[in-house]
$ cat my_file_0.txt   # compact mmCIF, C-alpha atoms and all ligand atoms
# COMPACT_ATOMS: atom_id res chain seq x y z
CA MET A 188 -12.86 3.77 15.90
CA SER A 189 -13.21 3.90 12.11
CA GLY A 190 -10.16 3.61 9.87
CA LEU A 191 -6.89 1.87 10.64
CA SER A 192 -5.15 1.96 14.00
CA LEU A 193 -1.88 0.40 15.14
CA GLN A 194 -0.96 0.83 18.77
CA HIS A 195 2.50 -0.03 20.08
CA VAL A 196 2.90 -2.82 17.54
CA SER A 197 6.10 -4.88 17.62
CA LYS A 198 7.13 -7.93 15.65
CA SER A 199 10.09 -10.25 16.14
CA PHE A 200 11.10 -13.18 13.97
CA PRO A 201 13.08 -16.17 15.21
CA LEU A 202 16.55 -16.42 13.68
CA ALA A 203 19.19 -18.94 14.78
CA GLY A 204 17.41 -19.47 18.08
CA GLN A 205 17.06 -15.77 18.80
CA ALA A 206 14.17 -13.32 18.43
CA VAL A 207 15.22 -10.64 15.93
CA PRO A 208 13.08 -7.49 16.17
CA ALA A 209 11.70 -6.45 12.77
CA LEU A 210 9.36 -3.73 14.06
CA ALA A 211 9.44 -1.98 17.42
CA ASP A 212 6.65 0.00 19.04
CA VAL A 213 4.91 1.24 15.88
CA SER A 214 1.81 3.37 16.38
CA LEU A 215 -0.08 4.92 13.51
CA ALA A 216 -3.61 5.95 12.60
CA LEU A 217 -5.51 6.56 9.38
CA GLU A 218 -9.06 7.84 9.33
CA ALA A 219 -11.54 5.94 7.17
CA GLY A 220 -11.03 7.03 3.56
CA GLN A 221 -7.52 8.34 4.11
CA PHE A 222 -4.51 7.26 2.07
CA GLY A 223 -1.35 6.39 3.99
CA ALA A 224 2.15 5.77 2.60
CA LEU A 225 4.98 3.85 4.25
CA ILE A 226 8.49 4.75 3.16
CA GLY A 227 11.87 3.75 4.55
CA PRO A 228 15.06 1.81 3.86
CA SER A 229 15.05 -1.80 2.76
CA GLY A 230 14.39 -4.20 5.62
CA CYS A 231 12.73 -1.68 7.96
CA GLY A 232 9.59 -3.80 8.20
CA LYS A 233 7.16 -2.10 5.79
CA SER A 234 5.95 -5.35 4.20
CA THR A 235 5.84 -6.98 7.63
CA LEU A 236 3.52 -4.21 8.82
CA LEU A 237 1.24 -4.62 5.81
CA ARG A 238 1.12 -8.39 6.31
CA MET A 239 0.13 -7.99 9.96
CA VAL A 240 -2.71 -5.64 8.94
CA ALA A 241 -3.75 -8.34 6.43
CA ASP A 242 -3.55 -10.99 9.17
CA VAL A 243 -0.91 -13.01 7.33
CA PHE A 244 0.73 -13.16 10.75
CA SER A 245 0.13 -11.58 14.16
CA PRO A 246 2.10 -8.92 15.99
CA SER A 247 4.38 -10.04 18.84
CA ALA A 248 2.91 -7.18 20.87
CA GLY A 249 0.46 -4.32 20.43
CA GLN A 250 -2.92 -3.95 18.80
CA ILE A 251 -4.18 -3.48 15.23
CA THR A 252 -7.77 -2.58 14.35
CA ILE A 253 -9.59 -1.98 11.05
CA ASP A 254 -12.78 -0.03 11.68
CA GLY A 255 -12.51 -1.20 15.28
CA ALA A 256 -12.17 -4.92 14.42
CA PRO A 257 -9.00 -7.02 14.73
CA PRO A 258 -7.34 -8.07 11.43
CA GLN A 259 -8.44 -11.69 11.92
CA GLN A 260 -12.09 -10.62 11.88
CA ALA A 261 -11.55 -8.18 9.00
CA ARG A 262 -9.90 -10.95 6.96
CA ARG A 263 -12.70 -13.42 7.77
CA GLU A 264 -15.23 -10.84 6.65
CA HIS A 265 -13.20 -10.19 3.46
CA GLN A 266 -12.66 -6.55 4.36
CA ILE A 267 -9.05 -6.48 3.18
CA GLY A 268 -7.84 -6.04 -0.42
CA PHE A 269 -4.16 -6.66 -1.19
CA VAL A 270 -2.15 -5.63 -4.24
CA PHE A 271 1.43 -6.93 -4.59
CA GLN A 272 4.34 -5.74 -6.71
CA GLU A 273 3.60 -8.56 -9.15
CA ALA A 274 0.01 -8.70 -10.36
CA THR A 275 -0.23 -12.47 -9.55
CA LEU A 276 -3.08 -13.04 -12.01
CA LEU A 277 -4.13 -16.54 -13.01
CA PRO A 278 -2.75 -16.87 -16.57
CA TRP A 279 -5.48 -19.20 -17.83
CA ARG A 280 -8.28 -16.87 -16.78
CA SER A 281 -9.43 -13.77 -18.63
CA VAL A 282 -9.32 -10.28 -17.09
CA LEU A 283 -12.98 -10.50 -16.07
CA GLU A 284 -12.56 -14.02 -14.67
CA ASN A 285 -9.55 -12.88 -12.62
CA VAL A 286 -11.51 -9.94 -11.22
CA ARG A 287 -14.45 -12.23 -10.41
CA LEU A 288 -12.26 -14.80 -8.65
CA PRO A 289 -12.59 -13.46 -5.05
CA LEU A 290 -16.38 -13.50 -5.35
CA GLU A 291 -16.27 -17.11 -6.54
CA VAL A 292 -14.00 -18.04 -3.63
CA LEU A 293 -16.37 -16.29 -1.22
CA GLY A 294 -19.30 -18.23 -2.71
CA LYS A 295 -22.46 -17.75 -0.73
CA ALA A 296 -20.51 -15.84 1.92
CA GLY A 297 -19.84 -13.11 -0.65
CA ARG A 298 -21.63 -9.84 -0.04
CA HIS A 299 -23.37 -8.16 -2.88
CA PRO A 300 -20.48 -6.13 -4.30
CA ALA A 301 -20.78 -2.34 -4.38
CA ARG A 302 -19.57 -2.56 -7.98
CA SER A 303 -19.91 -5.49 -10.32
CA PRO A 304 -16.73 -7.04 -11.76
CA GLU A 305 -17.73 -5.57 -15.15
CA GLU A 306 -17.99 -2.07 -13.64
CA LEU A 307 -14.64 -2.43 -11.90
CA VAL A 308 -12.95 -3.53 -15.12
CA ARG A 309 -14.27 -0.33 -16.70
CA LEU A 310 -13.27 1.73 -13.64
CA VAL A 311 -9.64 0.62 -13.92
CA GLY A 312 -9.58 1.47 -17.62
CA LEU A 313 -9.66 -2.05 -19.04
CA ALA A 314 -12.92 -1.81 -21.02
CA GLY A 315 -12.50 -3.84 -24.19
CA TYR A 316 -10.02 -6.21 -22.50
CA GLU A 317 -12.55 -8.19 -20.46
CA HIS A 318 -11.78 -11.39 -22.34
CA ALA A 319 -8.04 -10.88 -22.78
CA ARG A 320 -5.58 -13.18 -20.96
CA PRO A 321 -2.98 -11.63 -18.61
CA SER A 322 -0.22 -12.49 -21.13
CA GLN A 323 -1.91 -10.18 -23.62
CA LEU A 324 -1.65 -7.19 -21.22
CA SER A 325 1.21 -4.81 -20.40
CA GLY A 326 2.58 -4.73 -16.84
CA GLY A 327 0.53 -1.61 -16.06
CA MET A 328 -2.65 -3.20 -17.38
CA GLN A 329 -2.01 -6.32 -15.31
CA GLN A 330 -1.69 -4.15 -12.20
CA ARG A 331 -4.98 -2.40 -13.05
CA CYS A 332 -6.57 -5.85 -13.21
CA ALA A 333 -5.03 -6.74 -9.82
CA ILE A 334 -6.42 -3.50 -8.34
CA ALA A 335 -9.90 -4.31 -9.69
CA ARG A 336 -9.64 -7.81 -8.19
CA ALA A 337 -8.58 -6.35 -4.82
CA LEU A 338 -11.62 -4.04 -4.83
CA VAL A 339 -14.27 -6.52 -6.03
CA ALA A 340 -15.36 -7.66 -2.55
CA SER A 341 -15.71 -3.96 -1.47
CA PRO A 342 -12.97 -4.11 1.19
CA LYS A 343 -12.72 -1.59 4.01
CA ILE A 344 -9.01 -1.28 3.44
CA LEU A 345 -6.78 -1.60 0.39
CA LEU A 346 -3.17 -2.62 1.10
CA LEU A 347 -0.63 -2.00 -1.66
CA ASP A 348 2.92 -3.35 -1.42
CA GLU A 349 5.04 -1.44 -3.96
CA PRO A 350 2.32 -1.96 -6.56
CA PHE A 351 4.05 0.06 -9.28
CA GLY A 352 7.68 -0.68 -8.39
CA ALA A 353 8.25 -2.78 -11.51
CA LEU A 354 6.91 -0.17 -13.93
CA ASP A 355 8.85 2.51 -15.78
CA GLU A 356 8.63 6.04 -14.41
CA VAL A 357 6.06 7.38 -16.89
CA MET A 358 3.82 4.33 -16.50
CA ARG A 359 4.15 4.61 -12.73
CA TYR A 360 2.86 8.20 -12.79
CA ARG A 361 0.00 7.13 -15.06
CA MET A 362 -0.89 4.38 -12.62
CA ASN A 363 -0.63 6.81 -9.70
CA PHE A 364 -3.22 9.08 -11.30
CA GLU A 365 -5.39 6.10 -12.20
CA LEU A 366 -5.30 4.90 -8.61
CA LEU A 367 -6.10 8.41 -7.35
CA ARG A 368 -9.12 8.50 -9.66
CA ILE A 369 -10.29 5.01 -8.67
CA ARG A 370 -9.93 5.81 -4.99
CA ALA A 371 -11.78 9.09 -5.33
CA GLU A 372 -14.73 6.98 -6.52
CA THR A 373 -14.49 4.09 -4.08
CA ARG A 374 -13.25 6.08 -1.03
CA THR A 375 -11.55 2.98 0.36
CA THR A 376 -8.98 3.51 3.11
CA ALA A 377 -5.57 2.68 1.62
CA LEU A 378 -2.07 1.96 2.90
CA MET A 379 0.75 1.74 0.38
CA VAL A 380 4.40 0.76 0.67
CA THR A 381 6.63 2.66 -1.73
CA HIS A 382 10.30 3.43 -2.28
CA SER A 383 9.46 6.59 -4.24
CA ILE A 384 9.28 9.82 -2.23
CA GLU A 385 7.38 11.58 -5.06
CA GLU A 386 4.86 8.74 -5.23
CA ALA A 387 4.29 8.90 -1.47
CA VAL A 388 3.70 12.68 -1.53
CA LEU A 389 1.50 12.58 -4.63
CA MET A 390 -0.78 9.85 -3.29
CA ALA A 391 -0.93 10.16 0.47
CA ASP A 392 -2.79 12.15 3.08
CA ARG A 393 -0.27 10.95 5.64
CA ILE A 394 3.28 9.63 5.22
CA PHE A 395 5.03 7.42 7.78
CA VAL A 396 8.81 7.55 7.46
CA PHE A 397 10.57 4.48 8.82
CA ALA A 398 14.08 3.75 10.03
CA ALA A 399 15.59 0.27 10.21
CA ARG A 400 17.06 -2.04 12.84
CA PRO A 401 14.62 -2.21 14.44
CA GLY A 402 11.94 -0.90 12.10
CA ARG A 403 10.23 2.11 13.63
CA ILE A 404 8.47 5.32 12.61
CA ILE A 405 10.76 8.34 12.86
CA GLU A 406 8.45 10.91 11.33
CA THR A 407 4.77 11.27 10.42
CA LEU A 408 3.92 13.94 7.86
CA ASP A 409 0.46 15.15 6.91
CA VAL A 410 0.20 16.04 3.22
CA ASP A 411 -2.17 18.98 2.92
CA LEU A 412 -2.02 19.24 -0.89
CA PRO A 413 -5.52 19.77 -2.31
CA ARG A 414 -7.41 16.97 -4.07
CA PRO A 415 -7.95 16.04 -6.78
CA ARG A 416 -4.24 15.80 -7.34
CA ARG A 417 -3.15 16.34 -10.91
CA LEU A 418 0.00 16.54 -13.02
CA ALA A 419 0.20 20.21 -11.99
CA THR A 420 0.49 19.05 -8.35
CA LEU A 421 4.02 17.86 -9.17
CA HIS A 422 4.98 21.47 -9.89
CA ASP A 423 3.36 22.89 -6.76
CA PRO A 424 6.08 24.41 -4.54
CA ARG A 425 4.38 22.77 -1.53
CA PHE A 426 4.72 19.38 -3.21
CA ASN A 427 8.45 19.91 -3.53
CA ALA A 428 8.72 21.21 0.03
CA ILE A 429 7.13 18.00 1.36
CA VAL A 430 9.33 15.84 -0.90
CA ASP A 431 12.29 17.67 0.62
CA GLN A 432 11.03 17.05 4.16
CA VAL A 433 10.65 13.31 3.52
CA ARG A 434 14.08 13.16 1.86
CA ARG A 435 15.68 14.85 4.85
CA ALA A 436 13.97 12.46 7.27
CA LEU A 437 15.30 9.51 5.24
CA PHE A 438 18.82 10.90 4.82
CA ASP A 439 19.18 12.05 8.42
CA GLN A 440 18.98 8.45 9.62
CA LEU A 441 22.00 7.35 7.57
CA PRO A 442 25.07 6.37 9.65
CA GLN A 443 27.13 9.20 8.24
CA ALA A 444 24.89 12.25 8.29
CA LEU A 445 24.85 13.58 4.74
CA ASP A 446 25.80 17.13 4.04
CA HIS A 447 22.62 18.33 2.35
CA GLU A 448 24.39 21.26 0.71
CA ALA A 449 27.04 18.96 -0.75
CA LEU A 450 24.21 17.06 -2.43
CA ASP A 451 23.21 20.17 -4.39
CA VAL A 452 24.33 19.75 -7.96
N1 LIG B 501 8.63 -14.46 7.56
C1 LIG B 501 9.76 -13.95 8.05
N2 LIG B 501 10.60 -14.70 8.80
C2 LIG B 501 11.73 -14.20 9.31
N3 LIG B 501 12.13 -12.92 9.13
C3 LIG B 501 11.36 -12.13 8.40
C4 LIG B 501 10.14 -12.59 7.80
N4 LIG B 501 9.57 -11.57 7.11
C5 LIG B 501 10.41 -10.52 7.27
N5 LIG B 501 11.47 -10.85 8.03
C6 LIG B 501 12.56 -9.93 8.45
O1 LIG B 501 11.97 -8.75 8.93
C7 LIG B 501 12.70 -7.62 8.51
C8 LIG B 501 11.78 -6.67 7.76
O2 LIG B 501 11.44 -7.23 6.49
P1 LIG B 501 10.38 -6.55 5.51
O3 LIG B 501 10.29 -7.39 4.28
O4 LIG B 501 9.13 -6.27 6.25
O5 LIG B 501 11.09 -5.16 5.18
P2 LIG B 501 10.74 -4.07 4.07
O6 LIG B 501 10.88 -2.75 4.72
O7 LIG B 501 9.42 -4.37 3.44
O8 LIG B 501 11.91 -4.30 3.01
P3 LIG B 501 11.98 -3.99 1.45
O9 LIG B 501 11.84 -2.50 1.30
O10 LIG B 501 13.34 -4.45 1.05
O11 LIG B 501 10.88 -4.76 0.78
C9 LIG B 501 13.87 -8.13 7.67
O12 LIG B 501 15.01 -8.18 8.49
C10 LIG B 501 13.44 -9.53 7.27
O13 LIG B 501 14.56 -10.38 7.13
$ encode --input "my_file_0.txt" --output "structure tokens" --more "lines below"
Ligand SMILES: Nc1ncnc2c1ncn2[C@@H]1O[C@H](COP(=O)(O)OP(=O)(O)OP(=O)(O)O)[C@@H](O)[C@H]1O
Amino acid sequence: MSGLSLQHVSKSFPLAGQAVPALADVSLALEAGQFGALIGPSGCGKSTLLRMVADVFSPSAGQITIDGAPPQQARREHQIGFVFQEATLLPWRSVLENVRLPLEVLGKAGRHPARSPEELVRLVGLAGYEHARPSQLSGGMQQRCAIARALVASPKILLLDEPFGALDEVMRYRMNFELLRIRAETRTTALMVTHSIEEAVLMADRIFVFAARPGRIIETLDVDLPRPRRLATLHDPRFNAIVDQVRRALFDQLPQALDHEALDV
């Protein structure tokens, strides 16, 4: 099967001699080229899920496949790109040298990239900054560089763990539209963790809403907003209706059910 598939995935971590469940029986699917968003309260296992897809560690139970292959194989074949909240660039290397790094690490094993590092630097809007050091870039520019680096080995899947969480609201929207544009060109399957409902709805084809203790999916929503998505999308009544649906799914899991009407101000 192409795309990403998780079937009945669970993960427990040992704590004080006991196995504490972080994720329980999570199943989800994304077709190749789709954009998925994970949203849910702190500690519900979103980063854990991303790390299992990236083969940082294995599930306690269940099965994960990326274009039909297990994560271990996908990682070995360098089919996974990862973007973290912090850009994690090497400070002594220039933008171009940071973007090139994965190809250097791959050495002879590296495939011929679909796009050269120079093209990717242009694609993420950093033309003219090829030789700048990370310290000479804003936070948003550093994240663009990290996105280019994640894409340089032409991965089958791009995993993003709150990539724009440290940016101010306006910069975050700018980065959202940049990422939408970049993805429209590369068509890479993507899975992003976010705490922003608006960001999830703007970016995703499919949103997975999580609850905590143990982490599990409580609702899957398909976002049928047309692409390309633009600033005007934020004013589309359907956009706001989906934001409302996600908000309700998140609020309904709180211990004291919130009175939605009382929240109207
Ligand atoms: N390596 C680990 N060892 C032990 N426990 C872990 C490990 N990684 C995560 N956990 C536990 O798993 C649970 C889920 O953590 P995770 O970081 O995946 O949640 P999250 O939804 O990404 O949270 P946040 O939104 O705050 O980033 C937490 O209870 C955490 O303490």
$ residues_near_ligand --input "my_file_0.txt" --ligand "ligand LIG 501 (chain B)" --cutoff "7 Å" --atoms "only C-alpha atoms and all ligand atoms" --output "PyMOL selection string"
chain A and resi 200-202+209+227-236
$ closest_residue --input "my_file_0.txt" --among "A:Ser303, A:Ser199, A:Asn427, A:Gln272" --to "Gly402 (chain A)" --atoms "only C-alpha atoms"
A:Ser199
$ atom_distance --input "my_file_0.txt" --atom1 "CA of Val311 (chain A)" --atom2 "CA of Ser325 (chain A)"
13.8 Å
$ residues_around --input "my_file_0.txt" --residues "region 254-261 of chain A" --least-positions-apart "4" --cutoff "6 Å" --atoms "only C-alpha atoms" --output "list of chain:residue names"
A:Met188, A:Ser189, A:Gly190, A:Val240, A:Asp242, A:Gln266
$ atom_distance --input "my_file_0.txt" --atom1 "CA of Ala319 (chain A)" --atom2 "CA of Asn285 (chain A)"
10.5 Å
$ closest_residue --input "my_file_0.txt" --among "A:Ser192, A:Gln221, A:Gln330, A:Thr381" --to "Glu273 (chain A)" --atoms "only C-alpha atoms"
A:Gln330
$ atom_distance --input "my_file_0.txt" --atom1 "CA of Arg336 (chain A)" --atom2 "CA of Ala391 (chain A)"
21.8 Å
$ closest_residue --input "my_file_0.txt" --among "A:Leu412, A:Ile334, A:Leu290, A:Leu421" --to "Arg393 (chain A)" --atoms "all atoms listed in the file"
A:Leu412
$ closest_residue --input "my_file_0.txt" --among "A:Asp392, A:Glu386, A:Glu218, A:Glu306" --to "Arg287 (chain A)" --atoms "all atoms listed in the file"
A:Glu306
$ closest_residue --input "my_file_0.txt" --among "A:Leu215, A:Val270, A:Leu276, A:Val196" --to "Met239 (chain A)" --atoms "all atoms listed in the file"
A:Val196
$ residues_around --input "my_file_0.txt" --residues "Ile404 (chain A)" --least-positions-apart "5" --cutoff "12 Å" --atoms "all atoms listed in the file" --output "CSV table (one decimal) with C-alpha atoms, in the frame of the given file"
chain,number,residue,atom,x,y,z
A,193,LEU,CA,-1.9,0.4,15.1
A,195,HIS,CA,2.5,0.0,20.1
A,196,VAL,CA,2.9,-2.8,17.5
A,197,SER,CA,6.1,-4.9,17.6
A,210,LEU,CA,9.4,-3.7,14.1
A,211,ALA,CA,9.4,-2.0,17.4
A,212,ASP,CA,6.6,0.0,19.0
A,213,VAL,CA,4.9,1.2,15.9
A,214,SER,CA,1.8,3.4,16.4
A,215,LEU,CA,-0.1,4.9,13.5
A,224,ALA,CA,2.2,5.8,2.6
A,225,LEU,CA,5.0,3.8,4.2
A,226,ILE,CA,8.5,4.8,3.2
A,227,GLY,CA,11.9,3.8,4.6
A,228,PRO,CA,15.1,1.8,3.9
A,231,CYS,CA,12.7,-1.7,8.0
A,232,GLY,CA,9.6,-3.8,8.2
A,233,LYS,CA,7.2,-2.1,5.8
A,236,LEU,CA,3.5,-4.2,8.8
A,394,ILE,CA,3.3,9.6,5.2
A,395,PHE,CA,5.0,7.4,7.8
A,396,VAL,CA,8.8,7.6,7.5
A,397,PHE,CA,10.6,4.5,8.8
A,398,ALA,CA,14.1,3.8,10.0
A,399,ALA,CA,15.6,0.3,10.2
A,436,ALA,CA,14.0,12.5,7.3
A,437,LEU,CA,15.3,9.5,5.2
A,440,GLN,CA,19.0,8.4,9.6
$ closest_residue --input "my_file_0.txt" --among "A:Leu217, A:Val380, A:Val433, A:Met390" --to "Arg414 (chain A)" --atoms "only C-alpha atoms"
A:Met390
$ residues_around --input "my_file_0.txt" --residues "Met328 (chain A)" --least-positions-apart "5" --cutoff "10 Å" --atoms "only C-alpha atoms" --output "ChimeraX atom specification"
/A:274,282,311-313,316,321,323,333-334,358,362
$ residues_around --input "my_file_0.txt" --residues "His422 (chain A)" --least-positions-apart "5" --cutoff "12 Å" --atoms "only C-alpha atoms" --output "VMD selection string"
chain A and resid 385 389 412 416 to 417 427 to 430
$ axis_aligned_box --input "my_file_0.txt" --around "region 326-331 of chain A" --padding-each-side "6 Å" --output "AutoDock Vina command-line options"
--center_x -1.2 --center_y -4.0 --center_z -14.8 --size_x 19.6 --size_y 16.7 --size_z 17.2
$ residues_near_point --input "my_file_0.txt" --point "(9.4, -3.5, -10.6)" --cutoff "12 Å" --atoms "only C-alpha atoms" --output "number ranges by chain"
A: 271-274, 326-327, 330, 348-356, 358-359, 381-383
$ write_last_selection --input "my_file_0.txt" --atoms "C-alpha atoms" --output "PDB file, in the coordinates of the input"
ATOM      1  CA  PHE A 271       1.430  -6.930  -4.590  1.00  0.00           C
ATOM      2  CA  GLN A 272       4.340  -5.740  -6.710  1.00  0.00           C
ATOM      3  CA  GLU A 273       3.600  -8.560  -9.150  1.00  0.00           C
ATOM      4  CA  ALA A 274       0.010  -8.700 -10.360  1.00  0.00           C
ATOM      5  CA  GLY A 326       2.580  -4.730 -16.840  1.00  0.00           C
ATOM      6  CA  GLY A 327       0.530  -1.610 -16.060  1.00  0.00           C
ATOM      7  CA  GLN A 330      -1.690  -4.150 -12.200  1.00  0.00           C
ATOM      8  CA  ASP A 348       2.920  -3.350  -1.420  1.00  0.00           C
ATOM      9  CA  GLU A 349       5.040  -1.440  -3.960  1.00  0.00           C
ATOM     10  CA  PRO A 350       2.320  -1.960  -6.560  1.00  0.00           C
ATOM     11  CA  PHE A 351       4.050   0.060  -9.280  1.00  0.00           C
ATOM     12  CA  GLY A 352       7.680  -0.680  -8.390  1.00  0.00           C
ATOM     13  CA  ALA A 353       8.250  -2.780 -11.510  1.00  0.00           C
ATOM     14  CA  LEU A 354       6.910  -0.170 -13.930  1.00  0.00           C
ATOM     15  CA  ASP A 355       8.850   2.510 -15.780  1.00  0.00           C
ATOM     16  CA  GLU A 356       8.630   6.040 -14.410  1.00  0.00           C
ATOM     17  CA  MET A 358       3.820   4.330 -16.500  1.00  0.00           C
ATOM     18  CA  ARG A 359       4.150   4.610 -12.730  1.00  0.00           C
ATOM     19  CA  THR A 381       6.630   2.660  -1.730  1.00  0.00           C
ATOM     20  CA  HIS A 382      10.300   3.430  -2.280  1.00  0.00           C
ATOM     21  CA  SER A 383       9.460   6.590  -4.240  1.00  0.00           C
TER      22      SER A 383
END
$ residues_near_point --input "my_file_0.txt" --point "(-12.5, -5.5, -1.6)" --cutoff "7 Å" --atoms "all atoms listed in the file" --output "PyMOL selection string"
chain A and resi 265-268+337-343
